[in-house]
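Raw contents of entry30.txt, compact mmCIF, C-alpha atoms and all ligand atoms:
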# COMPACT_ATOMS: atom_id res chain seq x y z
CA MET Z 890 -8.13 -8.27 -27.22
CA PRO Z 891 -7.55 -4.59 -28.13
CA LYS Z 892 -4.00 -4.46 -26.76
CA HIS Z 893 -3.47 -0.76 -27.41
CA ILE Z 894 -6.54 0.16 -25.31
CA ALA Z 895 -5.40 -2.20 -22.55
CA SER Z 896 -2.03 -0.45 -22.60
CA GLY Z 897 -3.75 2.92 -22.33
CA LEU Z 898 -5.67 1.75 -19.27
CA LYS Z 899 -2.50 0.35 -17.71
CA TYR Z 900 -0.77 3.66 -18.36
CA LEU Z 901 -3.55 5.56 -16.54
CA ALA Z 902 -3.36 3.09 -13.65
CA ALA Z 903 0.44 3.46 -13.49
CA VAL Z 904 0.13 7.25 -13.29
CA ARG Z 905 -2.48 6.93 -10.52
CA LEU Z 906 -0.21 4.61 -8.51
CA LYS Z 907 2.80 6.88 -9.05
CA ASP Z 908 0.76 9.81 -7.71
CA GLU Z 909 0.09 7.68 -4.62
CA GLY Z 910 3.85 7.35 -4.13
CA LYS Z 911 4.17 3.72 -5.20
CA SER Z 912 7.54 2.51 -6.53
CA GLN Z 913 8.10 1.55 -10.17
CA GLN Z 914 8.64 -2.08 -9.13
CA TYR Z 915 5.35 -2.11 -7.19
CA ILE Z 916 3.53 -0.63 -10.18
CA ALA Z 917 5.12 -3.18 -12.52
CA ASP Z 918 4.07 -6.04 -10.24
CA GLN Z 919 0.50 -4.74 -9.91
CA LEU Z 920 0.04 -4.28 -13.65
CA ASP Z 921 1.95 -7.39 -14.73
CA ILE Z 922 4.43 -5.43 -16.87
CA ASP Z 923 8.22 -4.98 -16.83
CA ARG Z 924 9.68 -2.29 -14.61
CA SER Z 925 11.37 -0.88 -17.75
CA THR Z 926 7.94 -0.47 -19.36
CA VAL Z 927 6.81 1.54 -16.33
CA SER Z 928 9.92 3.67 -16.69
CA HIS Z 929 9.15 4.18 -20.40
CA TYR Z 930 5.62 5.28 -19.50
CA PHE Z 931 6.91 7.99 -17.18
CA ASN Z 932 9.54 9.11 -19.69
CA GLY Z 933 6.89 9.49 -22.38
CA ARG Z 934 8.31 6.70 -24.50
CA ASN Z 935 6.40 3.80 -26.08
CA LEU Z 936 3.14 5.67 -25.69
CA LYS Z 937 0.28 5.83 -28.13
CA TRP Z 938 -1.57 9.00 -27.16
CA ASN Z 939 -4.71 8.01 -29.08
CA SER Z 940 -4.96 4.87 -26.95
CA ILE Z 941 -4.60 6.92 -23.79
CA ASP Z 942 -7.35 9.27 -24.96
CA VAL Z 943 -9.65 6.28 -25.54
CA ALA Z 944 -8.70 4.85 -22.14
CA LYS Z 945 -9.48 8.19 -20.48
CA THR Z 946 -12.89 8.22 -22.13
CA ILE Z 947 -13.54 4.72 -20.75
CA THR Z 948 -12.65 5.76 -17.19
CA GLU Z 949 -15.05 8.70 -17.43
CA LEU Z 950 -18.05 6.47 -18.21
CA SER Z 951 -20.68 5.66 -15.58
CA PRO Z 952 -19.42 2.96 -13.15
CA ALA Z 953 -21.51 0.22 -14.81
CA ASP Z 954 -20.32 1.15 -18.32
CA PHE Z 955 -16.72 1.60 -17.14
CA LEU Z 956 -16.83 -1.86 -15.58
CA ALA Z 957 -18.34 -3.38 -18.74
CA MET Z 958 -15.72 -1.78 -20.98
CA VAL Z 959 -12.76 -2.83 -18.83
CA LYS Z 960 -14.14 -6.37 -18.66
CA ALA Z 961 -14.38 -6.37 -22.45
CA VAL Z 962 -10.87 -4.99 -22.97
CA PHE Z 963 -9.10 -7.44 -20.63
CA GLU Z 964 -9.58 -11.17 -21.04
CA ASP Z 965 -7.98 -11.49 -17.61
CA ALA Z 966 -10.64 -11.00 -14.89
CA ASP Z 967 -8.07 -10.35 -12.14
CA MET Z 968 -6.37 -7.64 -14.19
CA ALA Z 969 -9.74 -6.09 -15.08
CA ARG Z 970 -10.58 -5.90 -11.35
CA LYS Z 971 -7.21 -4.31 -10.58
CA ILE Z 972 -7.62 -1.68 -13.27
CA VAL Z 973 -11.16 -0.83 -12.12
CA LEU Z 974 -10.03 -0.54 -8.50
CA ILE Z 975 -7.04 1.67 -9.36
CA CYS Z 976 -8.77 3.90 -11.92
CA LYS Z 977 -12.25 4.32 -10.42
CA GLU Z 978 -12.90 7.96 -9.69
CA ASN Z 979 -15.32 7.69 -6.78
CA ASN Z 980 -15.61 5.69 -3.61
CA TYR Z 981 -18.75 3.95 -2.41
CA ASP Z 982 -20.25 3.08 0.92
CA ALA Z 983 -22.09 -0.21 0.42
CA MET Z 984 -24.30 -1.91 2.99
CA ILE Z 985 -26.79 -4.76 3.32
CA LYS Z 986 -30.07 -4.29 5.18
CA GLU Z 987 -31.54 -6.75 7.69
CA SER Z 988 -34.11 -7.78 5.06
CA CYS Z 989 -31.43 -9.85 3.23
CA ILE Z 990 -32.58 -13.46 2.92
CA GLY Z 991 -29.14 -14.82 2.02
CA CYS Z 992 -30.11 -16.03 -1.45
CA GLY Z 993 -26.56 -15.38 -2.75
CA LEU Z 994 -27.66 -13.83 -6.03
CA CYS Z 995 -25.60 -10.69 -5.43
CA VAL Z 996 -22.50 -12.73 -4.60
CA ASN Z 997 -22.60 -14.36 -8.01
CA LEU Z 998 -23.42 -11.12 -9.84
CA CYS Z 999 -20.62 -8.97 -8.42
CA PHE Z 1000 -17.70 -9.01 -10.85
CA MET Z 1001 -15.56 -7.15 -8.30
CA LYS Z 1002 -15.95 -10.01 -5.80
CA ALA Z 1003 -17.00 -7.42 -3.22
CA ILE Z 1004 -19.84 -9.48 -1.69
CA LYS Z 1005 -19.69 -12.56 0.53
CA LEU Z 1006 -22.28 -14.56 2.40
CA ASP Z 1007 -21.85 -14.98 6.14
CA SER Z 1008 -24.45 -17.00 8.06
CA LEU Z 1009 -27.01 -16.45 5.30
CA HIS Z 1010 -26.49 -12.70 5.33
CA ALA Z 1011 -24.61 -10.86 2.60
CA GLN Z 1012 -21.72 -8.56 3.45
CA ILE Z 1013 -20.14 -6.01 1.12
CA ASP Z 1014 -16.55 -4.80 1.13
CA SER Z 1015 -16.94 -1.13 0.21
CA ILE Z 1016 -13.27 -0.84 -0.81
CA CYS Z 1017 -13.81 -3.30 -3.67
CA CYS Z 1018 -17.17 -1.89 -4.78
CA CYS Z 1019 -17.04 0.17 -7.98
CA GLY Z 1020 -20.63 1.39 -7.73
CA CYS Z 1021 -22.01 -0.46 -10.74
CA TYR Z 1022 -25.38 -0.98 -8.95
CA ILE Z 1023 -25.88 -4.38 -10.60
CA CYS Z 1024 -26.39 -6.14 -7.25
CA LYS Z 1025 -28.81 -3.48 -6.02
CA GLU Z 1026 -30.90 -3.69 -9.17
CA GLU Z 1027 -31.17 -7.49 -9.01
CA CYS Z 1028 -31.65 -8.09 -5.26
CA PRO Z 1029 -35.12 -9.67 -4.81
CA THR Z 1030 -35.62 -8.05 -1.39
CA ASN Z 1031 -34.21 -4.60 -2.17
CA SER Z 1032 -31.69 -5.09 0.62
CA ILE Z 1033 -28.64 -3.39 -0.88
CA LYS Z 1034 -27.76 0.24 -0.38
CA ILE Z 1035 -24.90 1.82 -2.34
CA LEU Z 1036 -23.98 5.41 -1.54
CA GLU Z 1037 -21.46 7.47 -3.46
CA ILE Z 1038 -19.00 9.18 -1.14
CA GLU Z 1039 -18.20 12.74 -2.04
CA ASN Z 1040 -14.48 13.19 -2.62
CA ASP Z 1041 -12.94 16.36 -1.17
S1 LIG O 1101 -29.38 -10.63 -3.48
FE1 LIG O 1101 -30.29 -9.46 -1.78
S2 LIG O 1101 -31.35 -11.00 -0.54
FE2 LIG O 1101 -29.95 -12.12 -1.89
S3 LIG O 1101 -28.06 -12.35 -0.63
FE3 LIG O 1101 -27.82 -10.49 -1.85
S4 LIG O 1101 -28.55 -8.82 -0.49
FE4 LIG O 1101 -29.31 -10.75 0.35
S1 LIG O 1102 -22.42 -2.16 -6.83
FE1 LIG O 1102 -22.73 -4.28 -6.15
S2 LIG O 1102 -22.22 -5.55 -7.94
FE2 LIG O 1102 -21.37 -3.52 -8.30
S3 LIG O 1102 -19.26 -3.63 -7.55
FE3 LIG O 1102 -20.51 -2.83 -5.86
S4 LIG O 1102 -21.04 -4.62 -4.67
FE4 LIG O 1102 -20.37 -5.38 -6.66
If you took the structure in this file and wrote it as structure tokens, what would it be?
Ligand code: SF4
Ligand code: SF4
Amino acid sequence: MPKHIASGLKYLAAVRLKDEGKSQQYIADQLDIDRSTVSHYFNGRNLKWNSIDVAKTITELSPADFLAMVKAVFEDADMARKIVLICKENNYDAMIKESCIGCGLCVNLCFMKAIKLDSLHAQIDSICCCGCYICKEECPTNSIKILEIEND
């Protein structure tokens, strides 16, 4: 695992959470690092700026490529999901049409675990969706609609 790139992504996530007003302890718990490491991040210590530049480039990729890169960097699927959720730039409104036949293909494809089946009808949690469009492209009945929400 490229640890320095993973650290760069965690640094970006820590800065995002700090901007949202989260405490250092909360950030440490979310990113599975020591609180002192979070403190070092914000004091500019223990940082490798090249790694942060690479991490920034990753977050600026298209959602599908961003997701693929973060999956590749972290061996830990839960941590990869957390980083994607914290660092994703845009929000998405995801919905399933009535034409869904409940085959479950999308449930298995979604790395973000944003889709569930309920009474043979898929349901998407828009908060967890990172807009990768993988489910939409693979749905056999073209039942998935993903809309990017304009940020103010
Ligand atoms: S892949 Fe399409 S048809 Fe199958 S469960 Fe998902 S939305 Fe429904
Ligand atoms: S676009 Fe589909 S596969 Fe991708 S994160 Fe959203 S719900 Fe999951």
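Of the listed residues (Z:Thr926, Z:Ser896, Z:Ser951, Z:Ser1032), Z:Ser896 comes nearest to Trp938 of chain Z; the distances count all atoms listed in the file.
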>> To check your reading of the model: which residues sit at most 7 Å from ligand LIG 1102 (chain O) when counting only C-alpha atoms and all ligand atoms? Write the answer as a ChimeraX atom specification.
In response: /Z:983,995,998-1004,1013,1017-1025,1035
Any chance you could export the current selection's C-alpha atoms as a PDB file, in the frame of the given file?
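Output (again23.pdb):
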ATOM      1  CA  ALA Z 983     -22.090  -0.210   0.420  1.00  0.00           C
ATOM      2  CA  CYS Z 995     -25.600 -10.690  -5.430  1.00  0.00           C
ATOM      3  CA  LEU Z 998     -23.420 -11.120  -9.840  1.00  0.00           C
ATOM      4  CA  CYS Z 999     -20.620  -8.970  -8.420  1.00  0.00           C
ATOM      5  CA  PHE Z1000     -17.700  -9.010 -10.850  1.00  0.00           C
ATOM      6  CA  MET Z1001     -15.560  -7.150  -8.300  1.00  0.00           C
ATOM      7  CA  LYS Z1002     -15.950 -10.010  -5.800  1.00  0.00           C
ATOM      8  CA  ALA Z1003     -17.000  -7.420  -3.220  1.00  0.00           C
ATOM      9  CA  ILE Z1004     -19.840  -9.480  -1.690  1.00  0.00           C
ATOM     10  CA  ILE Z1013     -20.140  -6.010   1.120  1.00  0.00           C
ATOM     11  CA  CYS Z1017     -13.810  -3.300  -3.670  1.00  0.00           C
ATOM     12  CA  CYS Z1018     -17.170  -1.890  -4.780  1.00  0.00           C
ATOM     13  CA  CYS Z1019     -17.040   0.170  -7.980  1.00  0.00           C
ATOM     14  CA  GLY Z1020     -20.630   1.390  -7.730  1.00  0.00           C
ATOM     15  CA  CYS Z1021     -22.010  -0.460 -10.740  1.00  0.00           C
ATOM     16  CA  TYR Z1022     -25.380  -0.980  -8.950  1.00  0.00           C
ATOM     17  CA  ILE Z1023     -25.880  -4.380 -10.600  1.00  0.00           C
ATOM     18  CA  CYS Z1024     -26.390  -6.140  -7.250  1.00  0.00           C
ATOM     19  CA  LYS Z1025     -28.810  -3.480  -6.020  1.00  0.00           C
ATOM     20  CA  ILE Z1035     -24.900   1.820  -2.340  1.00  0.00           C
TER      21      ILE Z1035
END
Around ligand LIG 1101 (chain O), with edges along x, y and z and 8 Å added on all six sides, what centre and edge lengths do you get, in Å to one decimal, as JSON?
{"center_x": -29.6, "center_y": -10.6, "center_z": -1.6, "size_x": 19.5, "size_y": 19.5, "size_z": 19.8}
What are the nearest atom pairs, with distances in Å to one decimal, for all residues of segment 906-953 of chain Z that come at most 12 Å from segment 958-971 of chain Z, using only C-alpha atoms, set out by chain and rising residue number as CSV?
residue,atom,partner,partner_atom,distance
Z:Leu906,CA,Z:Lys971,CA,11.5
Z:Ile916,CA,Z:Lys971,CA,11.4
Z:Asp918,CA,Z:Met968,CA,11.3
Z:Gln919,CA,Z:Lys971,CA,7.8
Z:Leu920,CA,Z:Met968,CA,7.3
Z:Asp921,CA,Z:Met968,CA,8.3
Z:Ile922,CA,Z:Met968,CA,11.3
Z:Val943,CA,Z:Met958,CA,11.1
Z:Ala944,CA,Z:Val959,CA,9.3
Z:Lys945,CA,Z:Val959,CA,11.6
Z:Thr946,CA,Z:Met958,CA,10.5
Z:Ile947,CA,Z:Met958,CA,6.9
Z:Thr948,CA,Z:Val959,CA,8.7
Z:Glu949,CA,Z:Met958,CA,11.1
Z:Leu950,CA,Z:Met958,CA,9.0
Z:Ser951,CA,Z:Met958,CA,10.4
Z:Pro952,CA,Z:Met958,CA,9.9
Z:Ala953,CA,Z:Met958,CA,8.7
Selected residues, C-alpha atoms, written as a CSV table (one decimal), keeping the file's coordinate frame, please.
chain,number,residue,atom,x,y,z
Z,906,LEU,CA,-0.2,4.6,-8.5
Z,916,ILE,CA,3.5,-0.6,-10.2
Z,918,ASP,CA,4.1,-6.0,-10.2
Z,919,GLN,CA,0.5,-4.7,-9.9
Z,920,LEU,CA,0.0,-4.3,-13.6
Z,921,ASP,CA,2.0,-7.4,-14.7
Z,922,ILE,CA,4.4,-5.4,-16.9
Z,943,VAL,CA,-9.6,6.3,-25.5
Z,944,ALA,CA,-8.7,4.8,-22.1
Z,945,LYS,CA,-9.5,8.2,-20.5
Z,946,THR,CA,-12.9,8.2,-22.1
Z,947,ILE,CA,-13.5,4.7,-20.8
Z,948,THR,CA,-12.6,5.8,-17.2
Z,949,GLU,CA,-15.0,8.7,-17.4
Z,950,LEU,CA,-18.0,6.5,-18.2
Z,951,SER,CA,-20.7,5.7,-15.6
Z,952,PRO,CA,-19.4,3.0,-13.2
Z,953,ALA,CA,-21.5,0.2,-14.8
> Which residues, written as an MDAnalysis selection string, have at least one atom at most 6 Å from segment 977-982 of chain Z, with all atoms listed in the file counted and residues fewer than 3 positions away on the same chain left out?
Replying inline: chainID Z and resid 973:974 1015 1035:1038
Keeping C-alpha atoms, export the residues of the selection given above as an mmCIF file, in the coordinates of the input.
data_model
loop_
_atom_site.group_PDB
_atom_site.id
_atom_site.type_symbol
_atom_site.label_atom_id
_atom_site.label_comp_id
_atom_site.auth_asym_id
_atom_site.auth_seq_id
_atom_site.Cartn_x
_atom_site.Cartn_y
_atom_site.Cartn_z
ATOM 1 C CA VAL Z 973 -11.160 -0.830 -12.120
ATOM 2 C CA LEU Z 974 -10.030 -0.540 -8.500
ATOM 3 C CA SER Z 1015 -16.940 -1.130 0.210
ATOM 4 C CA ILE Z 1035 -24.900 1.820 -2.340
ATOM 5 C CA LEU Z 1036 -23.980 5.410 -1.540
ATOM 6 C CA GLU Z 1037 -21.460 7.470 -3.460
ATOM 7 C CA ILE Z 1038 -19.000 9.180 -1.140
#
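We find atom CA of Ser988 of chain Z and atom S4 of ligand LIG 1101 (chain O) to be spaced 7.9 Å apart.
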> If you measure from atom CA of Tyr930 of chain Z to atom CA of Ala957 of chain Z, what distance in Å do you get, rounded to one decimal?
Replying inline: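 Taking atom CA of Tyr930 of chain Z and atom CA of Ala957 of chain Z, their separation equals 25.5 Å.
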Shell around Asp1007 of chain Z at 12 Å using all atoms listed in the file, local window under 2 positions removed, as a short mmCIF file (atom, residue, chain, number, x, y, z; two decimals) with C-alpha atoms, in the frame of the given file:
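Result file is selection_37.cif:
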data_model
loop_
_atom_site.label_atom_id
_atom_site.label_comp_id
_atom_site.auth_asym_id
_atom_site.auth_seq_id
_atom_site.Cartn_x
_atom_site.Cartn_y
_atom_site.Cartn_z
CA ILE Z 985 -26.79 -4.76 3.32
CA CYS Z 989 -31.43 -9.85 3.23
CA ILE Z 990 -32.58 -13.46 2.92
CA GLY Z 991 -29.14 -14.82 2.02
CA CYS Z 992 -30.11 -16.03 -1.45
CA GLY Z 993 -26.56 -15.38 -2.75
CA VAL Z 996 -22.50 -12.73 -4.60
CA ILE Z 1004 -19.84 -9.48 -1.69
CA LYS Z 1005 -19.69 -12.56 0.53
CA LEU Z 1009 -27.01 -16.45 5.30
CA HIS Z 1010 -26.49 -12.70 5.33
CA ALA Z 1011 -24.61 -10.86 2.60
CA GLN Z 1012 -21.72 -8.56 3.45
CA ILE Z 1013 -20.14 -6.01 1.12
#
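Separating atom CA of Cys976 of chain Z from atom CA of Ile1033 of chain Z is a distance of 23.9 Å.
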> Hey, which of Z:Leu956, Z:Ile975, Z:Ile1016, Z:Leu1006 ends up closest to Arg905 of chain Z? Count only C-alpha atoms.
Replying inline: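 Among the listed residues, Z:Ile975 lies closest to Arg905 of chain Z.
With all atoms listed in the file as the atoms that count, the minimum distance from ligand LIG 1101 (chain O) to the choices Z:Asp954, Z:Asp1014, Z:Glu987, Z:Glu1039 is reached by Z:Glu987.
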>> Residues within 8 Å of Leu898 of chain Z, please, as a list in words. Count only C-alpha atoms; anything in the same chain fewer than 2 positions from it doesn't count.
In response: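 Using only C-alpha atoms, the neighbours found are Ile894, Ala895, Ser896, Tyr900, Leu901, Ala902, Ile941, Ala944, Lys945 and Ile972 of chain Z.
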